[in-house]
>>> print(open('structure_4.csv').read())   # CSV, C-alpha atoms and all ligand atoms
chain,number,residue,atom,x,y,z
A,22,MET,CA,21.5,-101.7,-50.3
A,23,LEU,CA,25.2,-101.2,-49.8
A,24,CYS,CA,26.1,-99.0,-46.9
A,25,THR,CA,29.4,-98.2,-45.2
A,26,THR,CA,28.0,-96.9,-42.0
A,27,VAL,CA,25.1,-98.2,-39.9
A,28,SER,CA,23.4,-94.8,-39.9
A,29,GLN,CA,23.0,-95.1,-43.6
A,30,PHE,CA,20.5,-97.9,-42.8
A,31,ILE,CA,18.2,-95.4,-40.9
A,32,GLY,CA,15.0,-94.8,-42.8
A,33,GLN,CA,13.4,-96.4,-45.9
A,34,THR,CA,11.5,-98.6,-43.5
A,35,PRO,CA,8.9,-100.9,-45.1
A,36,VAL,CA,5.1,-100.6,-44.8
A,37,MET,CA,2.7,-103.4,-44.1
A,38,PRO,CA,-1.0,-103.0,-44.9
A,39,ILE,CA,-3.5,-105.0,-42.9
A,40,ALA,CA,-7.1,-105.0,-44.3
A,41,VAL,CA,-9.9,-104.4,-41.9
A,42,PRO,CA,-12.9,-106.2,-43.4
A,43,ASN,CA,-16.3,-104.4,-43.8
A,44,SER,CA,-14.8,-101.1,-42.6
A,45,GLY,CA,-13.6,-99.4,-45.7
A,46,ALA,CA,-10.2,-99.0,-44.0
A,47,THR,CA,-6.7,-100.5,-44.2
A,48,LEU,CA,-4.4,-100.2,-41.3
A,49,VAL,CA,-0.9,-99.6,-42.6
A,50,LEU,CA,2.0,-100.3,-40.2
A,51,LYS,CA,5.3,-98.5,-40.9
A,52,LEU,CA,8.0,-100.7,-39.5
A,53,GLU,CA,10.2,-98.3,-37.7
A,54,LYS,CA,11.6,-101.2,-35.7
A,55,ASN,CA,13.6,-102.0,-38.8
A,56,ASN,CA,15.9,-99.0,-38.1
A,57,PRO,CA,19.4,-100.1,-37.0
A,58,GLY,CA,18.7,-99.2,-33.3
A,59,GLY,CA,15.4,-100.9,-33.5
A,60,SER,CA,13.1,-97.9,-33.2
A,61,MET,CA,11.9,-94.7,-34.9
A,62,LYS,CA,14.1,-92.7,-32.5
A,63,ASP,CA,17.2,-93.4,-34.6
A,64,ARG,CA,15.9,-90.7,-36.9
A,65,MET,CA,15.5,-87.9,-34.4
A,66,ALA,CA,18.7,-88.8,-32.4
A,67,ARG,CA,20.9,-88.4,-35.5
A,68,SER,CA,19.0,-85.2,-36.4
A,69,MET,CA,19.6,-83.7,-33.0
A,70,VAL,CA,23.3,-84.5,-33.0
A,71,LEU,CA,23.9,-83.2,-36.5
A,72,ALA,CA,22.0,-80.0,-35.8
A,73,ALA,CA,24.0,-79.3,-32.6
A,74,LEU,CA,27.3,-80.0,-34.5
A,75,GLU,CA,26.2,-77.7,-37.3
A,76,ASP,CA,25.4,-74.7,-35.1
A,77,GLY,CA,28.4,-75.2,-32.8
A,78,ARG,CA,26.5,-76.1,-29.6
A,79,LEU,CA,28.4,-79.4,-29.8
A,80,VAL,CA,32.1,-79.4,-30.7
A,81,PRO,CA,34.0,-82.3,-32.4
A,82,GLY,CA,35.1,-84.8,-29.7
A,83,GLY,CA,32.5,-83.3,-27.3
A,84,THR,CA,30.1,-85.1,-25.0
A,85,ILE,CA,26.3,-85.7,-25.4
A,86,VAL,CA,24.2,-86.1,-22.3
A,87,GLU,CA,20.6,-87.2,-22.5
A,88,SER,CA,17.8,-88.5,-20.3
A,89,SER,CA,16.3,-91.5,-22.1
A,90,SER,CA,14.0,-94.4,-21.5
A,91,GLY,CA,16.2,-96.3,-24.0
A,92,ASN,CA,15.3,-95.8,-27.6
A,93,THR,CA,16.6,-92.2,-27.9
A,94,GLY,CA,19.7,-93.4,-26.1
A,95,ILE,CA,20.3,-96.2,-28.5
A,96,GLY,CA,20.0,-93.8,-31.5
A,97,LEU,CA,22.3,-91.3,-29.8
A,98,ALA,CA,24.8,-94.1,-29.0
A,99,ILE,CA,25.0,-95.0,-32.7
A,100,ALA,CA,25.3,-91.3,-33.8
A,101,ALA,CA,27.9,-90.6,-31.1
A,102,LEU,CA,30.2,-93.5,-32.0
A,103,GLU,CA,30.1,-92.7,-35.7
A,104,LEU,CA,30.7,-89.0,-35.1
A,105,GLY,CA,33.5,-89.5,-32.6
A,106,LEU,CA,31.5,-88.2,-29.5
A,107,ARG,CA,31.2,-89.4,-26.0
A,108,PHE,CA,27.7,-90.3,-24.8
A,109,ILE,CA,26.3,-90.4,-21.3
A,110,ALA,CA,22.8,-91.8,-20.9
A,111,VAL,CA,20.9,-90.9,-17.8
A,112,VAL,CA,18.3,-93.7,-17.1
A,113,ASP,CA,16.0,-95.1,-14.4
A,114,HIS,CA,14.8,-98.6,-13.5
A,115,HIS,CA,11.6,-98.0,-15.6
A,116,ALA,CA,13.6,-98.5,-18.9
A,117,ALA,CA,13.5,-102.0,-20.3
A,118,PRO,CA,16.7,-103.7,-19.2
A,119,ASP,CA,17.6,-104.8,-22.7
A,120,LYS,CA,17.5,-101.2,-23.9
A,121,ILE,CA,20.1,-100.3,-21.3
A,122,ARG,CA,22.2,-103.3,-22.2
A,123,THR,CA,22.1,-102.3,-25.8
A,124,MET,CA,23.2,-98.7,-25.1
A,125,ARG,CA,26.1,-100.1,-23.0
A,126,ALA,CA,27.0,-102.5,-25.8
A,127,LEU,CA,27.1,-99.6,-28.2
A,128,GLY,CA,29.7,-97.8,-26.0
A,129,ALA,CA,27.3,-95.5,-24.0
A,130,GLU,CA,28.1,-94.6,-20.4
A,131,ILE,CA,25.1,-95.3,-18.2
A,132,ARG,CA,24.1,-93.2,-15.2
A,133,TYR,CA,21.2,-94.4,-13.1
A,134,VAL,CA,19.3,-91.7,-11.1
A,135,GLU,CA,19.3,-92.2,-7.3
A,136,GLY,CA,16.2,-92.6,-5.2
A,137,ASP,CA,13.4,-95.1,-4.5
A,138,TYR,CA,10.7,-95.3,-7.1
A,139,ARG,CA,7.7,-97.7,-7.6
A,140,GLU,CA,8.2,-100.3,-10.4
A,141,ASP,CA,5.6,-98.5,-12.6
A,142,GLU,CA,6.8,-95.0,-11.7
A,143,VAL,CA,9.0,-93.1,-14.2
A,144,ALA,CA,11.8,-91.0,-12.5
A,145,VAL,CA,11.8,-88.6,-15.5
A,146,VAL,CA,12.0,-85.4,-13.4
A,147,GLU,CA,15.1,-86.6,-11.6
A,148,ARG,CA,16.5,-87.9,-14.9
A,149,GLN,CA,16.1,-84.5,-16.6
A,150,ARG,CA,17.6,-82.7,-13.6
A,151,LEU,CA,20.7,-84.9,-13.5
A,152,ALA,CA,21.2,-84.8,-17.3
A,153,ALA,CA,21.0,-81.0,-17.3
A,154,GLN,CA,23.5,-80.9,-14.4
A,155,LEU,CA,26.0,-83.1,-16.2
A,156,GLY,CA,25.5,-81.1,-19.4
A,157,ALA,CA,26.4,-77.9,-17.5
A,158,GLN,CA,29.3,-79.3,-15.4
A,159,LEU,CA,31.3,-81.5,-17.9
A,160,PRO,CA,33.6,-79.8,-20.4
A,161,ASP,CA,32.3,-79.6,-24.0
A,162,ALA,CA,29.1,-81.4,-22.9
A,163,LEU,CA,25.6,-80.7,-24.3
A,164,PHE,CA,22.3,-81.8,-22.7
A,165,MET,CA,20.3,-82.8,-25.8
A,166,ASN,CA,16.9,-82.2,-24.1
A,167,GLN,CA,14.8,-84.1,-26.6
A,168,SER,CA,11.6,-82.7,-25.1
A,169,ASP,CA,12.5,-79.1,-26.0
A,170,ASN,CA,14.8,-79.7,-29.0
A,171,PRO,CA,13.3,-78.7,-32.4
A,172,ALA,CA,15.6,-81.1,-34.2
A,173,ASN,CA,13.5,-83.9,-32.6
A,174,PRO,CA,10.4,-83.3,-34.7
A,175,ASP,CA,12.5,-82.2,-37.7
A,176,GLY,CA,14.1,-85.7,-37.6
A,177,TYR,CA,10.9,-87.2,-38.9
A,178,ALA,CA,10.9,-85.3,-42.2
A,179,GLY,CA,12.2,-88.5,-43.9
A,180,PHE,CA,9.5,-90.6,-42.4
A,181,VAL,CA,6.8,-88.5,-44.1
A,182,ASP,CA,8.7,-88.2,-47.4
A,183,GLU,CA,8.9,-92.0,-47.5
A,184,LEU,CA,5.3,-92.5,-46.6
A,185,LEU,CA,4.0,-90.1,-49.3
A,186,THR,CA,6.0,-92.2,-51.8
A,187,GLN,CA,5.0,-95.6,-50.4
A,188,LEU,CA,1.3,-94.7,-50.3
A,189,PRO,CA,0.7,-92.7,-53.6
A,190,ASP,CA,-3.1,-93.2,-53.4
A,191,GLY,CA,-3.1,-91.1,-50.3
A,192,ILE,CA,-3.2,-91.2,-46.5
A,193,ASP,CA,-6.4,-90.5,-44.6
A,194,ALA,CA,-5.3,-90.8,-41.0
A,195,PHE,CA,-2.3,-91.1,-38.8
A,196,VAL,CA,-2.5,-92.6,-35.3
A,197,GLY,CA,0.7,-92.1,-33.3
A,198,CYS,CA,1.9,-92.3,-29.7
A,199,VAL,CA,3.0,-89.3,-27.6
A,200,GLY,CA,6.0,-89.1,-25.3
A,201,THR,CA,8.0,-86.0,-25.9
A,202,GLY,CA,5.5,-85.4,-28.8
A,203,GLY,CA,8.4,-85.1,-31.2
A,204,SER,CA,7.4,-87.9,-33.6
A,205,MET,CA,3.7,-86.9,-33.5
A,206,THR,CA,4.4,-83.3,-34.2
A,207,GLY,CA,7.1,-83.9,-36.9
A,208,ILE,CA,4.9,-86.4,-38.7
A,209,ALA,CA,1.4,-84.8,-38.2
A,210,GLN,CA,2.5,-81.3,-39.2
A,211,ARG,CA,4.1,-82.5,-42.4
A,212,LEU,CA,1.2,-84.9,-43.3
A,213,LYS,CA,-1.3,-82.0,-42.9
A,214,ARG,CA,0.9,-79.7,-45.0
A,215,ALA,CA,0.7,-82.3,-47.8
A,216,ASN,CA,-3.0,-82.8,-47.3
A,217,PRO,CA,-4.9,-80.7,-44.7
A,218,ALA,CA,-7.7,-83.3,-44.6
A,219,VAL,CA,-5.5,-86.0,-42.9
A,220,ARG,CA,-7.0,-86.9,-39.5
A,221,THR,CA,-4.4,-87.2,-36.7
A,222,ILE,CA,-5.0,-89.1,-33.5
A,223,ALA,CA,-2.4,-89.0,-30.6
A,224,VAL,CA,-2.4,-91.9,-28.1
A,225,GLU,CA,-1.0,-91.6,-24.6
A,226,PRO,CA,-1.0,-94.2,-21.8
A,227,ALA,CA,-3.8,-94.0,-19.3
A,228,GLY,CA,-2.0,-92.2,-16.4
A,229,SER,CA,-0.1,-89.8,-18.7
A,230,ILE,CA,-0.9,-86.1,-18.4
A,231,VAL,CA,-0.4,-84.9,-22.1
A,232,PHE,CA,-4.2,-84.4,-22.6
A,233,GLY,CA,-5.0,-83.0,-19.2
A,234,LYS,CA,-6.3,-86.2,-17.5
A,235,PRO,CA,-5.1,-87.0,-13.9
A,236,GLY,CA,-1.8,-88.7,-13.7
A,237,HIS,CA,-1.1,-92.2,-12.2
A,238,PRO,CA,1.7,-94.7,-12.8
A,239,TYR,CA,1.7,-96.9,-15.9
A,240,TYR,CA,3.9,-99.7,-17.4
A,241,GLN,CA,4.0,-98.6,-21.0
A,242,SER,CA,7.7,-97.7,-21.7
A,243,GLY,CA,9.0,-94.7,-23.6
A,244,THR,CA,5.6,-93.1,-24.2
A,245,GLY,CA,3.5,-90.6,-22.3
A,246,THR,CA,4.4,-87.9,-19.9
A,247,PRO,CA,4.1,-89.0,-16.2
A,248,ALA,CA,2.6,-86.8,-13.4
A,249,GLY,CA,5.2,-84.3,-12.2
A,250,ASP,CA,6.9,-83.9,-15.5
A,251,GLU,CA,6.2,-81.1,-18.0
A,252,VAL,CA,4.8,-81.8,-21.4
A,253,GLY,CA,7.5,-81.3,-24.0
A,254,LYS,CA,7.9,-77.9,-25.7
A,255,VAL,CA,8.2,-79.8,-29.0
A,256,LEU,CA,4.6,-81.0,-28.8
A,257,ASP,CA,2.3,-78.9,-31.1
A,258,TYR,CA,-1.3,-79.6,-30.0
A,259,GLY,CA,-2.4,-77.7,-33.0
A,260,CYS,CA,-1.5,-80.5,-35.4
A,261,ILE,CA,-3.5,-83.1,-33.3
A,262,ASP,CA,-7.2,-83.6,-34.1
A,263,GLU,CA,-7.9,-85.9,-31.1
A,264,GLY,CA,-5.9,-87.0,-28.0
A,265,VAL,CA,-6.9,-90.4,-26.5
A,266,GLN,CA,-5.7,-92.8,-23.8
A,267,VAL,CA,-5.0,-96.5,-23.9
A,268,THR,CA,-4.6,-98.7,-20.8
A,269,ASP,CA,-1.5,-100.9,-20.2
A,270,THR,CA,-3.7,-104.0,-20.6
A,271,GLN,CA,-5.2,-102.9,-24.0
A,272,ALA,CA,-1.7,-101.9,-25.3
A,273,PHE,CA,0.1,-105.1,-24.1
A,274,GLU,CA,-2.6,-107.6,-25.1
A,275,THR,CA,-2.7,-106.0,-28.5
A,276,ALA,CA,1.1,-106.4,-28.9
A,277,ARG,CA,0.8,-110.0,-27.9
A,278,PHE,CA,-2.1,-110.5,-30.3
A,279,ILE,CA,-0.2,-109.0,-33.3
A,280,ALA,CA,2.7,-111.3,-32.5
A,281,ARG,CA,0.5,-114.4,-32.6
A,282,ARG,CA,-1.7,-113.3,-35.6
A,283,HIS,CA,1.0,-111.7,-37.9
A,284,GLY,CA,4.3,-113.0,-36.6
A,285,LEU,CA,5.3,-109.4,-36.0
A,286,LEU,CA,6.8,-108.5,-32.6
A,287,VAL,CA,5.8,-104.9,-31.7
A,288,GLY,CA,6.5,-103.0,-28.5
A,289,GLY,CA,3.9,-101.9,-26.0
A,290,SER,CA,3.4,-98.3,-27.2
A,291,THR,CA,2.7,-99.7,-30.7
A,292,GLY,CA,0.2,-102.2,-29.3
A,293,GLY,CA,-1.6,-99.1,-27.9
A,294,THR,CA,-1.8,-97.2,-31.2
A,295,ILE,CA,-2.9,-100.3,-33.1
A,296,TYR,CA,-5.7,-100.9,-30.5
A,297,LYS,CA,-6.9,-97.3,-30.7
A,298,ALA,CA,-6.6,-97.3,-34.5
A,299,LEU,CA,-8.8,-100.4,-34.8
A,300,GLU,CA,-11.2,-99.1,-32.2
A,301,PHE,CA,-11.7,-95.9,-34.2
A,302,ILE,CA,-12.1,-97.8,-37.5
A,303,ALA,CA,-14.6,-100.2,-35.9
A,304,ALA,CA,-16.6,-97.3,-34.6
A,305,GLY,CA,-16.7,-95.7,-38.1
A,306,LYS,CA,-14.6,-92.7,-36.9
A,307,LEU,CA,-11.7,-93.5,-39.3
A,308,SER,CA,-11.7,-94.9,-42.8
A,309,GLY,CA,-9.4,-95.2,-45.8
A,310,THR,CA,-5.7,-95.6,-45.3
A,311,VAL,CA,-4.9,-95.3,-41.6
A,312,VAL,CA,-1.1,-95.3,-40.8
A,313,THR,CA,0.5,-96.1,-37.5
A,314,PRO,CA,4.2,-96.5,-36.8
A,315,VAL,CA,5.7,-99.6,-35.2
A,316,ALA,CA,7.7,-97.3,-32.9
A,317,ASP,CA,9.9,-100.2,-31.7
A,318,GLY,CA,9.9,-104.0,-31.6
A,319,GLY,CA,8.7,-106.5,-29.1
A,320,GLU,CA,12.2,-108.0,-28.9
A,321,LYS,CA,12.8,-105.2,-26.3
A,322,TYR,CA,10.0,-106.4,-24.0
A,323,LEU,CA,10.4,-110.2,-24.0
A,324,GLY,CA,10.8,-110.2,-20.2
A,325,SER,CA,7.7,-108.0,-19.6
A,326,VAL,CA,4.9,-107.7,-22.2
A,327,PHE,CA,5.6,-111.1,-23.7
A,328,ASP,CA,6.2,-112.9,-20.4
A,329,ASP,CA,3.0,-114.5,-19.1
A,330,GLU,CA,4.1,-114.6,-15.5
A,331,TRP,CA,5.2,-110.9,-15.5
A,332,MET,CA,1.8,-109.9,-17.0
A,333,ALA,CA,-0.2,-112.1,-14.7
A,334,LYS,CA,1.6,-110.9,-11.5
A,335,ARG,CA,0.6,-107.3,-12.4
A,336,GLY,CA,-3.0,-108.1,-13.3
A,337,LEU,CA,-2.4,-107.0,-16.9
A,338,LEU,CA,-3.8,-110.0,-18.7
A,339,ASP,CA,-7.3,-109.8,-20.2
A,340,PRO,CA,-8.3,-112.4,-22.8
A,341,THR,CA,-11.4,-110.4,-23.8
A,342,ILE,CA,-9.1,-108.0,-25.6
A,343,GLY,CA,-7.8,-110.7,-28.0
A,344,THR,CA,-11.5,-111.6,-28.7
A,345,GLN,CA,-12.3,-108.0,-29.5
A,346,LEU,CA,-9.3,-107.6,-31.8
A,347,ASP,CA,-10.2,-110.8,-33.6
A,348,ALA,CA,-13.7,-109.6,-34.1
A,349,TRP,CA,-12.5,-106.2,-35.5
A,350,LEU,CA,-10.0,-107.8,-37.8
A,351,THR,CA,-12.4,-110.4,-39.2
A,352,GLY,CA,-15.2,-107.9,-39.6
A,353,ARG,CA,-17.5,-110.0,-37.4
A,354,ALA,CA,-18.4,-107.1,-35.0
A,355,ARG,CA,-18.6,-103.3,-35.0
A,356,ALA,CA,-17.9,-101.4,-31.8
A,357,ALA,CA,-21.0,-100.1,-30.1
A,401,LIG,C1,8.7,-97.2,-27.9
A,401,LIG,C2,8.3,-95.7,-27.9
A,401,LIG,N1,7.1,-95.3,-28.1
A,401,LIG,C3,6.7,-94.0,-28.1
A,401,LIG,C4,7.6,-93.0,-27.8
A,401,LIG,C5,7.2,-91.6,-27.8
A,401,LIG,O1,7.7,-90.9,-28.9
A,401,LIG,P1,7.9,-89.3,-28.8
A,401,LIG,O2,8.9,-89.0,-27.8
A,401,LIG,O3,8.3,-88.9,-30.2
A,401,LIG,O4,6.6,-88.7,-28.5
A,401,LIG,C6,9.0,-93.4,-27.6
A,401,LIG,C7,9.9,-92.4,-27.2
A,401,LIG,O5,11.0,-92.6,-26.7
A,401,LIG,C8,9.3,-94.8,-27.6
A,401,LIG,O6,10.6,-95.2,-27.3
>>> encode(input="structure_4.csv", output="C-alpha cells", more="lines below")
Ligand SMILES: Cc1ncc(COP(=O)(O)O)c(C=O)c1O
Amino acid sequence: MLCTTVSQFIGQTPVMPIAVPNSGATLVLKLEKNNPGGSMKDRMARSMVLAALEDGRLVPGGTIVESSSGNTGIGLAIAALELGLRFIAVVDHHAAPDKIRTMRALGAEIRYVEGDYREDEVAVVERQRLAAQLGAQLPDALFMNQSDNPANPDGYAGFVDELLTQLPDGIDAFVGCVGTGGSMTGIAQRLKRANPAVRTIAVEPAGSIVFGKPGHPYYQSGTGTPAGDEVGKVLDYGCIDEGVQVTDTQAFETARFIARRHGLLVGGSTGGTIYKALEFIAAGKLSGTVVTPVADGGEKYLGSVFDDEWMAKRGLLDPTIGTQLDAWLTGRARAA
C-alpha cells in the first residue's frame, strides 16, 4: 500500500484465527495494534477531530485538549499534527510511561494532574476536570471528551466493515473491552445491525464500575471506569448481551501466555478479553466465530505486564492461569 500520510495507514488491520479444539469455536483476533499509533484508538481519535472540524466546534489552527490514558492521546497527536492543530494531553501517572513518551515524540504537550494517588489508582476525575478547564480557558480550544463524544463510537464503523469482509462466513460473537464504551458500542451496534444474532460480551477490569460492581483500584491500563468516575455517555448498554469482569492477574498472565505461545505481543486489556473469550468458549457459552480486538500491543507494557519483577512485586503472577489457557487451547479440558 502506498500512502502519503500516516493516517492513511489507519484501518485494514489483519485478522488472525486461533482454533480452539473440541469446542466448535475459532477465536479471531483483529490486530488493531497494527494501526500507526499502535492501538484501535487511532480510528476514533481521527473521527472525533474530523467531526469537530466539520461542524465548526474546532477551527483550523485550533487546540485539542483531551484527558487520556495514552492511546487516544497518541491517535489525537497524529491527527493534530497532520491537520495543523495544537494538542494538549492531560495525563496521570497511571498511564504507561512509554505511551506518554510517544505522545511527546509526536509533538503533543503533556500536562500531568496534580495530587497524590496510589500506583493502581486512576486520577480520571481530576484529569477530566483539568481538561474541561483548559478547553474552556484557552483560545480556540476544544475539550474532546471522548466519554461523551458520539464521534468516538462512530469511529469504529470501518472496523466492522472490514470485519464483515474479512469473515464472509459470518461472525457469531464479539468479546470486547470497555473503558469509555466507545469501541464496544460502535462495534456491537453495527455487528447486531448486520446480524441481530451476534452475541456481544463486554469485559471490564475487576474493580471497574461499568456493570454495577463495587469499585477498587486495578492495574489494567486504558480500560474500565474507576470508582468516582461516571460511566461514559457513549456506552449503550442495550447492545451488550453480558458484562463480565476479569482480574489483573488473569488479564496479564494471558497477555504473557499469548506472547510465548504465538509470538504476538498484546496489551493487558486484550489479555483480559482473550481470557474471558476462551473461558466462555470452554464453558460452551460461545461457539462459532468469536472475534476479539487486539486493542493495543504489549510493546507498550514491557516495563510492567512483561516484567517478571514488576509482576511479582505486586503479587500478580499465577502460573495456574497459563496451565488453564494451555488446557483450553489444546482441548484437553473443559471448564466446570
Ligand atoms: C488498551 C485499551 N484497552 C481498552 C480501552 C477501552 O476502550 P473504550 O474506551 O473504547 O471502551 C482503551 C481505551 O483507551 C485502551 O487504550
>>> residues_near_ligand(input="structure_4.csv", ligand="ligand LIG 401 (chain A)", cutoff="8 Å", atoms="all atoms listed in the file", output="ChimeraX atom specification")
/A:60-62,89-93,167-168,173-174,198-206,242-245,256,288-291,316-318
>>> axis_aligned_box(input="structure_4.csv", around="region 172-186 of chain A", padding_each_side="3 Å", output="AutoDock Vina command-line options")
--center_x 9.8 --center_y -86.8 --center_z -42.2 --size_x 17.6 --size_y 17.4 --size_z 25.2
>>> closest_residue(input="structure_4.csv", among="A:Gly284, A:Gly309, A:Gly179, A:Gly156", to="Arg220 (chain A)", atoms="only C-alpha atoms")
A:Gly309
>>> residues_around(input="structure_4.csv", residues="Arg211 (chain A)", least_positions_apart="5", cutoff="9 Å", atoms="all atoms listed in the file", output="list in words")
Tyr177, Ala178, Val181, Asp182, Thr206 and Asn216 of chain A
>>> closest_residue(input="structure_4.csv", among="A:Tyr258, A:Thr275, A:Lys321, A:Val326", to="Gly343 (chain A)", atoms="only C-alpha atoms")
A:Thr275
>>> residues_around(input="structure_4.csv", residues="Ile31 (chain A)", least_positions_apart="6", cutoff="10 Å", atoms="all atoms listed in the file", output="list of chain:residue names")
A:Glu53, A:Asn55, A:Asn56, A:Pro57, A:Gly58, A:Gly59, A:Ser60, A:Met61, A:Lys62, A:Asp63, A:Arg64, A:Arg67, A:Gly96, A:Gly179
>>> residues_around(input="structure_4.csv", residues="Gly236 (chain A)", least_positions_apart="5", cutoff="8 Å", atoms="all atoms listed in the file", output="PyMOL selection string")
chain A and resi 227-230+247-248
>>> atom_distance(input="structure_4.csv", atom1="CA of Thr84 (chain A)", atom2="CA of Ala162 (chain A)")
4.4 Å
>>> residues_near_point(input="structure_4.csv", point="(6.9, -103.4, -41.4)", cutoff="6 Å", atoms="only C-alpha atoms", output="list in words")
Pro35, Val36, Met37, Leu50, Lys51 and Leu52 of chain A
>>> atom_distance(input="structure_4.csv", atom1="CA of Thr310 (chain A)", atom2="CA of Asn43 (chain A)")
13.9 Å
>>> residues_around(input="structure_4.csv", residues="region 264-273 of chain A", least_positions_apart="6", cutoff="7 Å", atoms="all atoms listed in the file", output="list in words")
Ile222, Ala223, Val224, Glu225, Pro226, Ala227, Phe232, Tyr239, Tyr240, Gln241, Gly289, Ser290, Gly292, Gly293, Tyr296, Val326, Leu337, Leu338, Asp339 and Ile342 of chain A
>>> closest_residue(input="structure_4.csv", among="A:Ala209, A:Ala218, A:Val146, A:Ile131", to="Asp250 (chain A)", atoms="only C-alpha atoms")
A:Val146
>>> residues_around(input="structure_4.csv", residues="Thr344 (chain A)", least_positions_apart="2", cutoff="12 Å", atoms="only C-alpha atoms", output="list in words")
Gln271, Glu274, Thr275, Phe278, Asp339, Pro340, Thr341, Ile342, Leu346, Asp347, Ala348, Trp349, Leu350, Thr351, Arg353 and Ala354 of chain A
>>> closest_residue(input="structure_4.csv", among="A:Arg150, A:Arg132, A:Arg214, A:His283", to="Val111 (chain A)", atoms="all atoms listed in the file")
A:Arg132
